[in-house]
Every structure is written in structure tokens, then in C-alpha cells.
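Asks: query37.cif is reproduced in full below (mmCIF, C-alpha atoms).
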```cif
data_structure
#
loop_
_atom_site.label_atom_id
_atom_site.label_comp_id
_atom_site.auth_asym_id
_atom_site.auth_seq_id
_atom_site.Cartn_x
_atom_site.Cartn_y
_atom_site.Cartn_z
CA MET A 186 4.21 -42.67 3.22
CA SER A 187 3.07 -40.10 0.63
CA VAL A 188 4.35 -36.55 0.30
CA ALA A 189 0.94 -35.22 1.36
CA ALA A 190 1.01 -37.42 4.47
CA ASP A 191 4.53 -36.21 5.30
CA THR A 192 3.34 -32.63 4.95
CA ARG A 193 0.33 -33.21 7.23
CA GLU A 194 2.54 -34.95 9.78
CA GLN A 195 5.09 -32.13 9.72
CA ILE A 196 2.34 -29.54 10.14
CA MET A 197 0.89 -31.41 13.10
CA ARG A 198 4.33 -31.62 14.75
CA LYS A 199 4.86 -27.89 14.26
CA ALA A 200 1.36 -27.11 15.50
CA THR A 201 2.27 -28.56 18.90
CA ARG A 202 5.14 -26.13 19.25
CA PRO A 203 4.10 -23.08 21.32
CA ARG A 204 5.81 -20.52 19.05
CA PHE A 205 4.14 -21.85 15.88
CA PHE A 206 0.75 -21.91 17.59
CA LEU A 207 1.20 -18.35 18.89
CA MET A 208 2.16 -17.07 15.42
CA LEU A 209 -0.87 -18.80 13.91
CA ILE A 210 -3.21 -17.22 16.47
CA LEU A 211 -1.65 -13.77 16.01
CA ALA A 212 -2.04 -14.01 12.24
CA MET A 213 -5.71 -14.94 12.58
CA VAL A 214 -6.47 -12.21 15.11
CA SER A 215 -4.43 -9.34 13.70
CA GLY A 216 -5.18 -9.88 10.04
CA PRO A 217 -2.82 -10.57 7.18
CA LEU A 218 0.91 -10.30 7.76
CA LEU A 219 1.44 -9.68 4.05
CA SER A 220 -0.61 -7.61 1.66
CA GLU A 221 -2.00 -9.59 -1.26
CA THR A 222 -1.72 -8.68 -4.93
CA ILE A 223 -4.97 -7.27 -6.34
CA ARG A 224 -6.30 -6.69 -9.85
CA LEU A 225 -7.47 -3.21 -10.82
CA PRO A 226 -7.75 -1.40 -14.16
CA GLU A 227 -4.43 -0.10 -15.45
CA PRO A 228 -4.06 3.57 -16.34
CA GLY A 229 -4.20 4.41 -20.02
CA PRO A 230 -1.82 6.83 -21.75
CA ARG A 231 -4.23 9.75 -21.26
CA ASP A 232 -5.14 9.10 -17.61
CA THR A 233 -4.00 11.93 -15.38
CA CYS A 234 -3.69 12.11 -11.61
CA PRO A 235 -6.71 14.08 -10.30
CA VAL A 236 -4.48 15.73 -7.68
CA CYS A 237 -1.45 16.92 -9.66
CA GLY A 238 -2.45 16.44 -13.31
CA MET A 239 0.56 14.29 -14.27
CA PHE A 240 0.15 11.46 -16.81
CA VAL A 241 0.07 8.38 -14.58
CA ALA A 242 1.06 5.67 -17.09
CA LYS A 243 4.51 7.28 -17.40
CA TYR A 244 5.26 6.12 -13.82
CA PRO A 245 4.10 2.47 -13.61
CA GLU A 246 6.28 1.77 -10.58
CA TRP A 247 4.34 4.36 -8.57
CA VAL A 248 0.72 3.88 -9.70
CA GLY A 249 -2.11 3.97 -7.19
CA THR A 250 -5.72 3.29 -8.17
CA VAL A 251 -9.15 3.84 -6.64
CA LEU A 252 -12.00 1.77 -8.10
CA TYR A 253 -15.65 2.71 -7.57
CA LYS A 254 -18.75 0.48 -7.56
CA ASP A 255 -19.80 1.86 -10.96
CA GLY A 256 -16.52 0.66 -12.51
CA HIS A 257 -14.97 4.13 -12.70
CA ALA A 258 -11.31 4.29 -11.66
CA HIS A 259 -9.03 7.16 -10.72
CA HIS A 260 -5.26 6.65 -11.04
CA PHE A 261 -2.47 8.42 -9.17
CA ASP A 262 1.25 8.87 -9.71
CA GLY A 263 2.06 7.86 -6.15
CA ALA A 264 0.62 6.93 -2.78
CA LYS A 265 1.01 10.51 -1.53
CA ASP A 266 -1.43 11.92 -4.11
CA LEU A 267 -3.76 8.96 -3.60
CA PHE A 268 -3.95 9.81 0.12
CA LYS A 269 -4.47 13.51 -0.60
CA TYR A 270 -7.42 12.48 -2.76
CA LEU A 271 -8.90 10.11 -0.17
CA LEU A 272 -8.46 12.54 2.73
CA ASP A 273 -10.19 15.41 0.88
CA LEU A 274 -12.53 13.73 -1.60
CA PRO A 275 -14.93 16.73 -1.84
CA LYS A 276 -12.03 18.84 -3.16
CA TRP A 277 -10.66 16.33 -5.69
CA ALA A 278 -13.81 14.44 -6.73
CA PRO A 279 -16.94 16.24 -5.55
CA ASP A 280 -19.22 13.81 -7.40
CA HIS A 281 -17.77 10.74 -5.66
CA ARG A 282 -18.25 9.29 -2.18
CA LEU A 283 -15.84 7.26 -0.02
CA GLU A 284 -18.52 4.64 0.61
CA ASP A 285 -18.70 3.95 -3.15
CA ILE A 286 -15.03 2.91 -3.31
CA ILE A 287 -14.69 -0.86 -3.63
CA SER A 288 -10.91 -1.17 -3.94
CA ILE A 289 -7.77 0.89 -3.41
CA GLY A 290 -4.42 -0.28 -4.71
CA VAL A 291 -0.84 0.94 -4.50
CA THR A 292 2.23 -0.36 -6.30
CA GLU A 293 4.47 -2.30 -3.93
CA TYR A 294 8.03 -0.96 -4.06
CA TYR A 295 9.96 -4.23 -4.29
CA GLY A 296 7.59 -6.43 -6.30
CA LEU A 297 6.12 -3.67 -8.50
CA THR A 298 2.71 -5.34 -8.11
CA LEU A 299 -0.55 -3.69 -7.14
CA ILE A 300 -1.43 -4.49 -3.53
CA ASP A 301 -4.35 -3.55 -1.30
CA ALA A 302 -3.59 -0.04 -0.01
CA ARG A 303 -5.45 -0.73 3.24
CA GLN A 304 -3.10 -3.64 4.05
CA ALA A 305 0.16 -2.03 2.91
CA PHE A 306 2.87 -0.62 5.16
CA TYR A 307 4.14 2.87 4.27
CA VAL A 308 7.63 4.22 4.90
CA THR A 309 7.98 7.99 5.25
CA GLY A 310 11.02 10.23 5.14
CA SER A 311 13.25 7.95 3.08
CA ASP A 312 15.84 8.98 0.51
CA VAL A 313 13.73 7.44 -2.30
CA LEU A 314 11.82 10.04 -4.30
CA GLY A 315 8.74 9.47 -6.44
CA PRO A 316 7.46 11.50 -9.40
CA MET A 317 6.20 14.20 -7.00
CA GLY A 318 9.22 14.24 -4.68
CA HIS A 319 9.16 12.84 -1.15
CA GLU A 320 6.75 9.94 -1.13
CA LEU A 321 5.01 7.32 0.98
CA ILE A 322 6.73 4.07 -0.03
CA PRO A 323 4.25 1.15 -0.03
CA LEU A 324 5.50 -2.28 1.00
CA ALA A 325 3.68 -5.58 1.40
CA SER A 326 4.96 -6.59 4.83
CA ARG A 327 6.15 -4.94 8.01
CA ALA A 328 9.48 -6.78 7.68
CA ASP A 329 10.01 -5.37 4.17
CA ALA A 330 9.02 -1.89 5.37
CA GLU A 331 11.44 -2.02 8.30
CA GLU A 332 14.25 -3.30 6.08
CA PHE A 333 13.54 -0.61 3.48
CA SER A 334 13.46 2.02 6.22
CA ARG A 335 16.88 0.92 7.52
CA ASP A 336 18.36 0.81 4.01
CA HIS A 337 16.95 4.17 2.90
CA GLY A 338 16.88 6.35 6.01
CA GLY A 339 13.13 6.12 6.57
CA ARG A 340 11.66 7.95 9.53
CA ALA A 341 8.55 5.86 10.23
CA VAL A 342 6.54 2.84 9.12
CA LEU A 343 2.83 3.63 9.04
CA LEU A 344 -0.43 1.83 8.38
CA PHE A 345 -3.16 3.11 6.06
CA ASP A 346 -5.19 4.73 8.87
CA GLN A 347 -2.13 6.54 10.26
CA VAL A 348 -1.60 8.73 7.19
CA THR A 349 -2.81 12.28 7.87
CA PRO A 350 -3.09 15.52 5.89
CA GLY A 351 -0.38 17.01 8.12
CA LEU A 352 2.01 14.19 7.25
CA LEU A 353 1.34 14.69 3.53
CA MET A 354 2.06 18.41 3.90
CA MET A 355 5.36 17.63 5.64
CA LEU A 356 6.32 15.26 2.81
CA ASP A 357 5.58 17.99 0.27
CA GLU A 358 7.75 20.41 2.24
CA GLY A 359 10.54 17.86 2.73
CA ARG A 360 10.15 18.05 6.51
CA PHE A 361 10.32 14.90 8.64
CA GLU A 362 9.66 15.14 12.33
#
```
Show me this structure written as C-alpha cells.

Replies:
Amino acid sequence: MSVAADTREQIMRKATRPRFFLMLILAMVSGPLLSETIRLPEPGPRDTCPVCGMFVAKYPEWVGTVLYKDGHAHHFDGAKDLFKYLLDLPKWAPDHRLEDIISIGVTEYYGLTLIDARQAFYVTGSDVLGPMGHELIPLASRADAEEFSRDHGGRAVLLFDQVTPGLLMMLDEGRFE
């Protein structure tokens, strides 16, 4: 029997197991369990964060990027400033519109790869500081986020849509409720 046949046979055996089948269904219904790596333009040496003005390329392990339909990209020195930008676009980029954004990426803490910000898991209130102090720590999976939170005193694991201006203000003030 070939390796491919063994693999198909093993998959079919596992597929009859209730737990495997349930996990497969949950993954299909709830979306990806792991954020995928994405490709976006890298910041150049003169690119500055539109929120704080820092040179972004100096902090490659924290870079966040927003890419627009016209090919224009804005880079950030952390997820916190990226969210400030997205949650108040008229203030930070009055000539841009949310509906013109085609991709948003954040640098994943462990792998240091750019992942889809909408699929990432964010840990708040940890003892890990970014270039602008207390930061949202992006991770590719819920399991990684929960492990990071345990290891670094995180207060919560959030999804993209759960980040609010109030939370960002608390991070800036070093408050964690």
C-alpha cells in the first residue's frame, strides 16, 4: 500500500471518530483556528506611524500595516496605534476610508510574521511592553494567546472586533480592569 493510500485510510478512520468530526465541523463553521501569514509592503526607513510619529522600521517585531486598494500603505509601531488609527480614521487619515482598506496585518509575537489582524488574538494587560508602552500582543491562535497570557500576566484575550477606544485609553494609562 502506498503512503498516500495509508494517509487516506488513516484520515477516513479518524473521520469516523466523533471528536475528530466535531472539531472539523467547528473549524468550518467558526472560521480559522489559526491566523495565516500574509504579505504586505514592509516599512521603509523613513516611514513613520501616523498616530505617534515614531519611525516604524526601527521596531520590526511590532509592525502593523494597513493596505489600501490604491496600493498606499500606512505602517504602525504596534497593534495599539493601528487600532487607534482604525477606530478614528477621520482624525488620523481624513482622506482615507475604511471601506478602501484591503488588508490589515500585525506582527505575531512568537513567529514574528505578519498575520491577518482580523484573525489574530490579542492579549491585554501583560508584562510585555512595546515601543509605546502597554500594548495589545497579537498571537496567531487562541491557544498561543492563552499560554502567553498565563506566562506574562495578561488580563484578557480579545478578538479584533472587541478592541475599543476605551481599552486603548486604559492601555495608555497602564490601567487594566

Asks: Suppose you want the space between atom CA of Leu314 of chain A and atom CA of Gly338 of chain A; what is it in Å?

Replies: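 Distance reported for this atom pair: 12.1 Å.
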
Asks: What would the selection look like, as a PyMOL selection string, if the PyMOL selection byres ((chain A and resi 309) around 12) were run on the coordinates I just shared?

Replies: chain A and resi 264-265+306-308+310-315+318-324+330-331+333-335+337-344+347-349+352-353+355-357+359-362

Asks: Which residues fall under the PyMOL selection byres ((chain A and resi 256) around 12) in this file, as a VMD selection string?

Replies: chain A and resid 225 to 226 250 to 255 257 to 259 285 to 288

Asks: Given the file shown, determine the residues that the PyMOL selection byres ((chain A and resi 239-241) around 8) selects; report them as JSON, numbers by chain.

Replies: {"A": [228, 229, 230, 231, 232, 233, 234, 237, 238, 242, 243, 244, 245, 248, 260, 261, 262]}

Asks: Determine the nearest neighbour of Leu274 of chain A from the options A:Ala328, A:Ile223, A:Val291, A:Val236, counting all atoms listed in the file.

Replies: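 That would be A:Val236, the residue with the smallest distance to Leu274 of chain A.
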
Asks: To one decimal in Å, tell me the separation between atom CA of Ala305 of chain A and atom CA of Phe345 of chain A.

Replies: 6.9 Å
